[in-house]
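Engineer: Sharing a structure below in structure tokens format, with a few things to ask.
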Amino acid sequence: MTTGATTVVHESQDELAARTAARLAAALAEAQAARGTASVVLTGGRTGGAVLAALRDAATMSKLDWSTIDIYWGDERFLPRGDPERNETLARRELLDHVPVSPHRVHPMAPSDGEFGDDPDAAAEAYAVLLRDVPSFDVCLLGVGEEGHTASIFPHSPAVAETARAVVAVRDCPKPPPTRVSLTLPTIRNAERVWLMTAGAGKAEAVAAALAGAEEADLPAAGARGRQETLWLIDKAAAGEY
Ligand SMILES: O=C1O[C@H](COP(=O)(O)O)[C@@H](O)[C@H](O)[C@H]1O
């Protein structure tokens with residue numbers, strides 16, 4: 001259930017992307033000022049991609065030391081390296097190829113032609129091992145699907161009920177591609193700030209249900225929240241304001 005969440009409604013998807021990019025740059029700069037490093041979990045999807053593209057252009061970007069930012073993913077489509085459908089490919093195209101990140105601080109989930117071969121369980125387990133050394137994420141960016149999925153946690157799936165593992169393989173997804181790797185809700189809830197970002201009238205029903213307190217089994221996005229902050233960053237259409 002979504003409790004203690006704040007909703008910020010933007011005029012349009014473009015404004016949502018620009019304002020969220022500036023908000024993200026500020027949050028990461030704050031973490032760097034406090035600790036010398038920062039960490040962010042990226043998401044795929046249309047809004048996620050638009051935010052990354054906007055971050056490239058954000059005025060506040062120059063305040064960031066990209067070399068000390070650790071970059072993770074909330075979910076990945078289990079496809080070959082470089083596949084255009086991979087969330088990693090999207091993030092590299094929209095942002096990472098354009099900023100001076102440290103390659104050793106970029107932590108993609110394994111592709112289906114990587115070291116674990118075509119075994120999403122092994123890829124998920126390896127990512128969980130990697131995360132054992134990560135006390136908490138500063139910011140976890142998430143998208144929201146029409147049916148309320150977030151990361152690759154779909155309604156009434158084994159992933160939404162997972163409480164023991166940090167990362168799981170996801171099979172038979174209703175949205176293609178069918179095989180994915182995803183953080184679980186307990187891992188997402190360990191992030192300091194969780195920002196759910198979505199736009200368009202097609203998302204209005206899911207947003208309204210989540211904010212009204214839907215059960216996470218029915219609507220996984222309703223179970224995503226941060227330790228310090230939970231923000232729903234949406235446009236007017238997703239807010240049901242036409
Ligand atoms: O499949 C996915 O979809 C969601 C939402 O995408 P959108 O295009 O409807 O904004 C995304 O957050 C997730 O990372 C991705 O794998």
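Labeling convention for the structure tokens: chains A, B, ... as they appear, residues from 1 per chain, ligands from 1 in order of appearance.
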Taking only C-alpha atoms and all ligand atoms into account, report as a list in words which residues have an atom no farther than 6 Å from an atom of ligand 1.
Structural biologist: Thr43, Gly44, Gly45, Arg46, Thr47, Asp75, Glu76, Leu142, Gly143, Val144, Gly145, Thr150, Ala151, Ser152 and Thr198 of chain A
Engineer: A:Glu30: which residues within 12 Å, counting only C-alpha atoms, same-chain residues fewer than 6 positions away excluded, as a tab-separated table (two decimals) with C-alpha atoms, in the first residue's frame?
Structural biologist:
```tsv
chain	number	residue	atom	x	y	z
A	23	ARG	CA	15.55	17.12	-9.22
A	24	LEU	CA	17.75	14.08	-9.78
A	36	GLY	CA	31.75	12.00	-1.91
A	37	THR	CA	29.76	9.47	-3.94
A	38	ALA	CA	26.17	8.92	-5.05
A	39	SER	CA	24.12	6.06	-6.42
A	60	THR	CA	22.42	21.46	-12.85
A	63	LYS	CA	27.43	20.33	-10.61
A	64	LEU	CA	27.73	16.55	-10.77
A	65	ASP	CA	30.96	14.63	-10.62
A	69	ILE	CA	28.22	8.11	-9.35
A	138	ASP	CA	20.38	7.32	-2.96
A	139	VAL	CA	17.68	7.47	-5.65
```
Engineer: With only C-alpha atoms as the atoms that count, which of A:Ile71, A:Ala191, A:Ala22, A:Ala224 lies nearest to A:Ser136?
Structural biologist: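 Closest to A:Ser136 of all the choices is A:Ala191.
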Engineer: Could you pull the residues within 12 Å of A:Arg132, counting only C-alpha atoms, minus those fewer than 4 positions along the same chain, as a PDB file with N, CA and C atoms, in the first residue's frame?
Structural biologist:
```
ATOM      1  N   GLU A 125      20.931 -13.820  -9.627  1.00  0.00           N
ATOM      2  CA  GLU A 125      21.724 -14.153  -8.435  1.00  0.00           C
ATOM      3  C   GLU A 125      23.027 -13.337  -8.415  1.00  0.00           C
ATOM      4  N   ALA A 126      23.661 -13.199  -9.589  1.00  0.00           N
ATOM      5  CA  ALA A 126      24.909 -12.424  -9.660  1.00  0.00           C
ATOM      6  C   ALA A 126      24.650 -10.962  -9.297  1.00  0.00           C
ATOM      7  N   TYR A 127      23.512 -10.427  -9.732  1.00  0.00           N
ATOM      8  CA  TYR A 127      23.204  -9.028  -9.398  1.00  0.00           C
ATOM      9  C   TYR A 127      22.926  -8.888  -7.900  1.00  0.00           C
ATOM     10  N   ALA A 128      22.280  -9.892  -7.331  1.00  0.00           N
ATOM     11  CA  ALA A 128      22.021  -9.873  -5.882  1.00  0.00           C
ATOM     12  C   ALA A 128      23.343  -9.895  -5.111  1.00  0.00           C
ATOM     13  N   SER A 136      22.561   1.065   0.521  1.00  0.00           N
ATOM     14  CA  SER A 136      21.283   1.672   0.134  1.00  0.00           C
ATOM     15  C   SER A 136      21.523   2.487  -1.136  1.00  0.00           C
ATOM     16  N   PHE A 137      20.497   2.641  -1.958  1.00  0.00           N
ATOM     17  CA  PHE A 137      20.612   3.526  -3.131  1.00  0.00           C
ATOM     18  C   PHE A 137      20.183   4.931  -2.697  1.00  0.00           C
ATOM     19  N   ARG A 165      14.592 -12.851  -1.705  1.00  0.00           N
ATOM     20  CA  ARG A 165      15.679 -12.535  -2.635  1.00  0.00           C
ATOM     21  C   ARG A 165      15.670 -11.049  -3.026  1.00  0.00           C
ATOM     22  N   ALA A 166      16.873 -10.519  -3.261  1.00  0.00           N
ATOM     23  CA  ALA A 166      17.005  -9.106  -3.627  1.00  0.00           C
ATOM     24  C   ALA A 166      16.699  -8.867  -5.101  1.00  0.00           C
ATOM     25  N   VAL A 167      16.987  -9.876  -5.920  1.00  0.00           N
ATOM     26  CA  VAL A 167      16.840  -9.758  -7.380  1.00  0.00           C
ATOM     27  C   VAL A 167      16.300 -11.096  -7.878  1.00  0.00           C
ATOM     28  N   THR A 187      14.027  -4.800  -1.990  1.00  0.00           N
ATOM     29  CA  THR A 187      15.254  -4.094  -2.411  1.00  0.00           C
ATOM     30  C   THR A 187      14.932  -2.653  -2.772  1.00  0.00           C
TER      31      THR A 187
END
```
Engineer: For A:Leu211, which of A:Thr184, A:Thr7, A:Thr89, A:Ser157 is the closest residue, counting only C-alpha atoms?
Structural biologist: A:Thr7
Engineer: Write down as a compact mmCIF listing (two decimals) with N, CA and C atoms, in the first residue's frame the residues of stretch 38-174 of chain A whose backbone DSSP state falls under alpha helix (DSSP H).
Structural biologist:
```
# COMPACT_ATOMS: atom_id res chain seq x y z
N GLY A 45 11.74 2.28 -20.19
CA GLY A 45 10.43 2.85 -20.51
C GLY A 45 10.53 4.24 -21.09
N ARG A 46 9.36 4.72 -21.57
CA ARG A 46 9.32 6.01 -22.26
C ARG A 46 9.67 7.17 -21.34
N THR A 47 9.07 7.20 -20.15
CA THR A 47 9.34 8.33 -19.25
C THR A 47 10.77 8.23 -18.72
N GLY A 48 11.20 7.02 -18.40
CA GLY A 48 12.57 6.84 -17.92
C GLY A 48 13.59 7.34 -18.94
N GLY A 49 13.35 7.01 -20.21
CA GLY A 49 14.26 7.45 -21.27
C GLY A 49 14.24 8.97 -21.42
N ALA A 50 13.05 9.55 -21.32
CA ALA A 50 12.93 11.01 -21.48
C ALA A 50 13.65 11.74 -20.33
N VAL A 51 13.58 11.18 -19.14
CA VAL A 51 14.27 11.81 -18.00
C VAL A 51 15.78 11.74 -18.20
N LEU A 52 16.28 10.61 -18.68
CA LEU A 52 17.73 10.50 -18.90
C LEU A 52 18.20 11.46 -19.98
N ALA A 53 17.41 11.59 -21.04
CA ALA A 53 17.78 12.54 -22.10
C ALA A 53 17.79 13.96 -21.55
N ALA A 54 16.80 14.28 -20.70
CA ALA A 54 16.73 15.62 -20.13
C ALA A 54 17.89 15.86 -19.15
N LEU A 55 18.31 14.81 -18.47
CA LEU A 55 19.41 14.96 -17.51
C LEU A 55 20.71 15.38 -18.21
N ARG A 56 20.85 14.89 -19.41
CA ARG A 56 22.02 15.25 -20.24
C ARG A 56 22.08 16.76 -20.46
N ASP A 57 20.89 17.37 -20.52
CA ASP A 57 20.82 18.80 -20.82
C ASP A 57 20.56 19.67 -19.60
N ASN A 87 17.15 -2.13 -21.36
CA ASN A 87 17.14 -0.85 -20.64
C ASN A 87 18.55 -0.26 -20.57
N GLU A 88 19.55 -1.13 -20.52
CA GLU A 88 20.94 -0.63 -20.54
C GLU A 88 21.22 0.12 -21.84
N THR A 89 20.77 -0.44 -22.97
CA THR A 89 21.02 0.20 -24.26
C THR A 89 20.38 1.58 -24.30
N LEU A 90 19.14 1.66 -23.79
CA LEU A 90 18.43 2.94 -23.72
C LEU A 90 19.22 3.96 -22.89
N ALA A 91 19.67 3.52 -21.73
CA ALA A 91 20.38 4.44 -20.83
C ALA A 91 21.71 4.89 -21.43
N ARG A 92 22.39 3.99 -22.09
CA ARG A 92 23.66 4.39 -22.72
C ARG A 92 23.40 5.39 -23.84
N ARG A 93 22.37 5.10 -24.63
CA ARG A 93 22.07 6.00 -25.77
C ARG A 93 21.62 7.38 -25.28
N GLU A 94 20.75 7.41 -24.27
CA GLU A 94 20.18 8.69 -23.85
C GLU A 94 21.08 9.48 -22.91
N PRO A 120 18.54 -16.64 -16.78
CA PRO A 120 18.18 -15.42 -16.05
C PRO A 120 18.28 -15.58 -14.54
N ASP A 121 18.14 -16.82 -14.03
CA ASP A 121 18.28 -17.01 -12.57
C ASP A 121 19.71 -16.73 -12.14
N ALA A 122 20.68 -17.20 -12.95
CA ALA A 122 22.09 -16.95 -12.62
C ALA A 122 22.40 -15.46 -12.73
N ALA A 123 21.82 -14.80 -13.74
CA ALA A 123 22.03 -13.35 -13.89
C ALA A 123 21.46 -12.61 -12.68
N ALA A 124 20.28 -13.01 -12.23
CA ALA A 124 19.64 -12.37 -11.07
C ALA A 124 20.47 -12.60 -9.81
N GLU A 125 20.93 -13.82 -9.63
CA GLU A 125 21.72 -14.15 -8.43
C GLU A 125 23.03 -13.34 -8.41
N ALA A 126 23.66 -13.20 -9.59
CA ALA A 126 24.91 -12.42 -9.66
C ALA A 126 24.65 -10.96 -9.30
N TYR A 127 23.51 -10.43 -9.73
CA TYR A 127 23.20 -9.03 -9.40
C TYR A 127 22.93 -8.89 -7.90
N ALA A 128 22.28 -9.89 -7.33
CA ALA A 128 22.02 -9.87 -5.88
C ALA A 128 23.34 -9.89 -5.11
N VAL A 129 24.30 -10.67 -5.59
CA VAL A 129 25.62 -10.73 -4.93
C VAL A 129 26.29 -9.35 -5.01
N LEU A 130 26.21 -8.72 -6.19
CA LEU A 130 26.78 -7.38 -6.35
C LEU A 130 26.15 -6.40 -5.34
N LEU A 131 24.85 -6.51 -5.14
CA LEU A 131 24.14 -5.55 -4.28
C LEU A 131 24.41 -5.77 -2.79
```
Engineer: Choose the residue, out of A:Leu183, A:Val207, A:Val170, A:Ala217, that has the smallest atom-to-atom separation from A:His156; count only C-alpha atoms.
Structural biologist: A:Ala217
Engineer: Go ahead and compute the interatomic distance for atom CA of A:Gly240 and atom CA of A:Lys203, in Å to one decimal.
Structural biologist: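 Taking atom CA of A:Gly240 as the start and atom CA of A:Lys203 as the end point, the length is 8.7 Å.
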Engineer: Find the residues around A:Arg86 up to 9 Å (only C-alpha atoms counted), leave out those fewer than 6 positions away in its own chain, and share them as a CSV table (one decimal) with C-alpha atoms, in the first residue's frame.
Structural biologist:
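Result file is part_3.csv:
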```csv
chain,number,residue,atom,x,y,z
A,44,GLY,CA,13.6,1.8,-18.8
A,76,GLU,CA,16.4,-5.4,-17.4
A,77,ARG,CA,14.9,-7.2,-20.4
A,78,PHE,CA,16.9,-10.5,-20.7
A,79,LEU,CA,18.2,-10.0,-24.2
A,80,PRO,CA,21.6,-10.0,-25.9
A,111,PRO,CA,22.6,-9.8,-21.0
```
Engineer: Taking the DSSP assignment computed from this structure's backbone, write out as a list in words all residues of stretch 82-225 of chain A that belong to strand (DSSP E or B).
Structural biologist: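 Listing strand (DSSP E or B) positions across stretch 82-225 of chain A yields Val106, Val139, Cys140, Leu141, Leu142, Gly143, Thr150, Ile153, Val167, Val168, Ala169, Val170, Arg180, Val181, Ser182, Leu183, Arg193, Val194, Trp195, Leu196, Met197 and Thr198 of chain A.
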Engineer: Keeping only C-alpha atoms, take the residues you just selected and write them out as a PDB file, in the first residue's frame.
Structural biologist:
```
ATOM      1  CA  VAL A 106      28.222   1.324 -14.262  1.00  0.00           C
ATOM      2  CA  VAL A 139      17.676   7.467  -5.647  1.00  0.00           C
ATOM      3  CA  CYS A 140      15.688   4.658  -7.256  1.00  0.00           C
ATOM      4  CA  LEU A 141      13.906   5.707 -10.456  1.00  0.00           C
ATOM      5  CA  LEU A 142      10.931   3.586 -11.488  1.00  0.00           C
ATOM      6  CA  GLY A 143       8.394   3.562 -14.292  1.00  0.00           C
ATOM      7  CA  THR A 150       7.006  -1.362 -11.740  1.00  0.00           C
ATOM      8  CA  ILE A 153       7.329  -6.791 -11.059  1.00  0.00           C
ATOM      9  CA  VAL A 167      16.840  -9.758  -7.380  1.00  0.00           C
ATOM     10  CA  VAL A 168      14.803 -12.306  -9.315  1.00  0.00           C
ATOM     11  CA  ALA A 169      14.417 -13.720 -12.798  1.00  0.00           C
ATOM     12  CA  VAL A 170      10.989 -12.951 -14.226  1.00  0.00           C
ATOM     13  CA  ARG A 180      13.530 -10.258 -17.513  1.00  0.00           C
ATOM     14  CA  VAL A 181      15.570  -9.666 -14.366  1.00  0.00           C
ATOM     15  CA  SER A 182      14.211  -7.374 -11.665  1.00  0.00           C
ATOM     16  CA  LEU A 183      14.918  -5.936  -8.237  1.00  0.00           C
ATOM     17  CA  ARG A 193      14.348   7.991  -2.304  1.00  0.00           C
ATOM     18  CA  VAL A 194      11.959   6.183  -4.613  1.00  0.00           C
ATOM     19  CA  TRP A 195      10.572   8.173  -7.505  1.00  0.00           C
ATOM     20  CA  LEU A 196       7.791   6.690  -9.614  1.00  0.00           C
ATOM     21  CA  MET A 197       7.591   8.529 -12.912  1.00  0.00           C
ATOM     22  CA  THR A 198       4.843   8.147 -15.451  1.00  0.00           C
TER      23      THR A 198
END
```
Engineer: What's the 10 Å shell around A:Ala238, counting only C-alpha atoms, without same-chain residues fewer than 5 positions away, as a list in words?
Structural biologist: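 Close residues of A:Ala238: Val9, His10, Ser12, Gln13, Met197, Thr198, Ala199, Gly200, Ala201, Gly202, Lys203, Ala204, Glu205, Ala206, Val207, Ala208 and Leu233 of chain A.
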Engineer: Rounded to one decimal, what separation in Å do you get between atom CA of A:Arg81 and atom CA of A:Gly117?
Structural biologist: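 Taking atom CA of A:Arg81 and atom CA of A:Gly117, their separation equals 11.2 Å.
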Engineer: Given the choices A:Val41, A:Leu219, A:Ala239, A:Ala5, which gets closest to A:Asn190 if the distance is worked out from only C-alpha atoms?
Structural biologist: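 Of A:Val41, A:Leu219, A:Ala239, A:Ala5, the one nearest A:Asn190 is A:Val41, counting only C-alpha atoms.
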Engineer: Check the smallest atom-to-atom distance from each of A:Asp235, A:Pro220, A:Arg227, A:Ala33 to A:Val160 using only C-alpha atoms, then report the winner.
Structural biologist: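 Checking each candidate against A:Val160, we get A:Pro220 as the closest.
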Engineer: Rank nothing, just name the residue among A:Asp172, A:Glu241, A:Glu147, A:Glu215 nearest to A:Glu11, using only C-alpha atoms.
Structural biologist: A:Glu241
Engineer: Any idea what the distance is between atom CA of A:Asp119 and atom CA of A:Gly82?
Structural biologist: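 Going from atom CA of A:Asp119 over to atom CA of A:Gly82 covers 17.5 Å.
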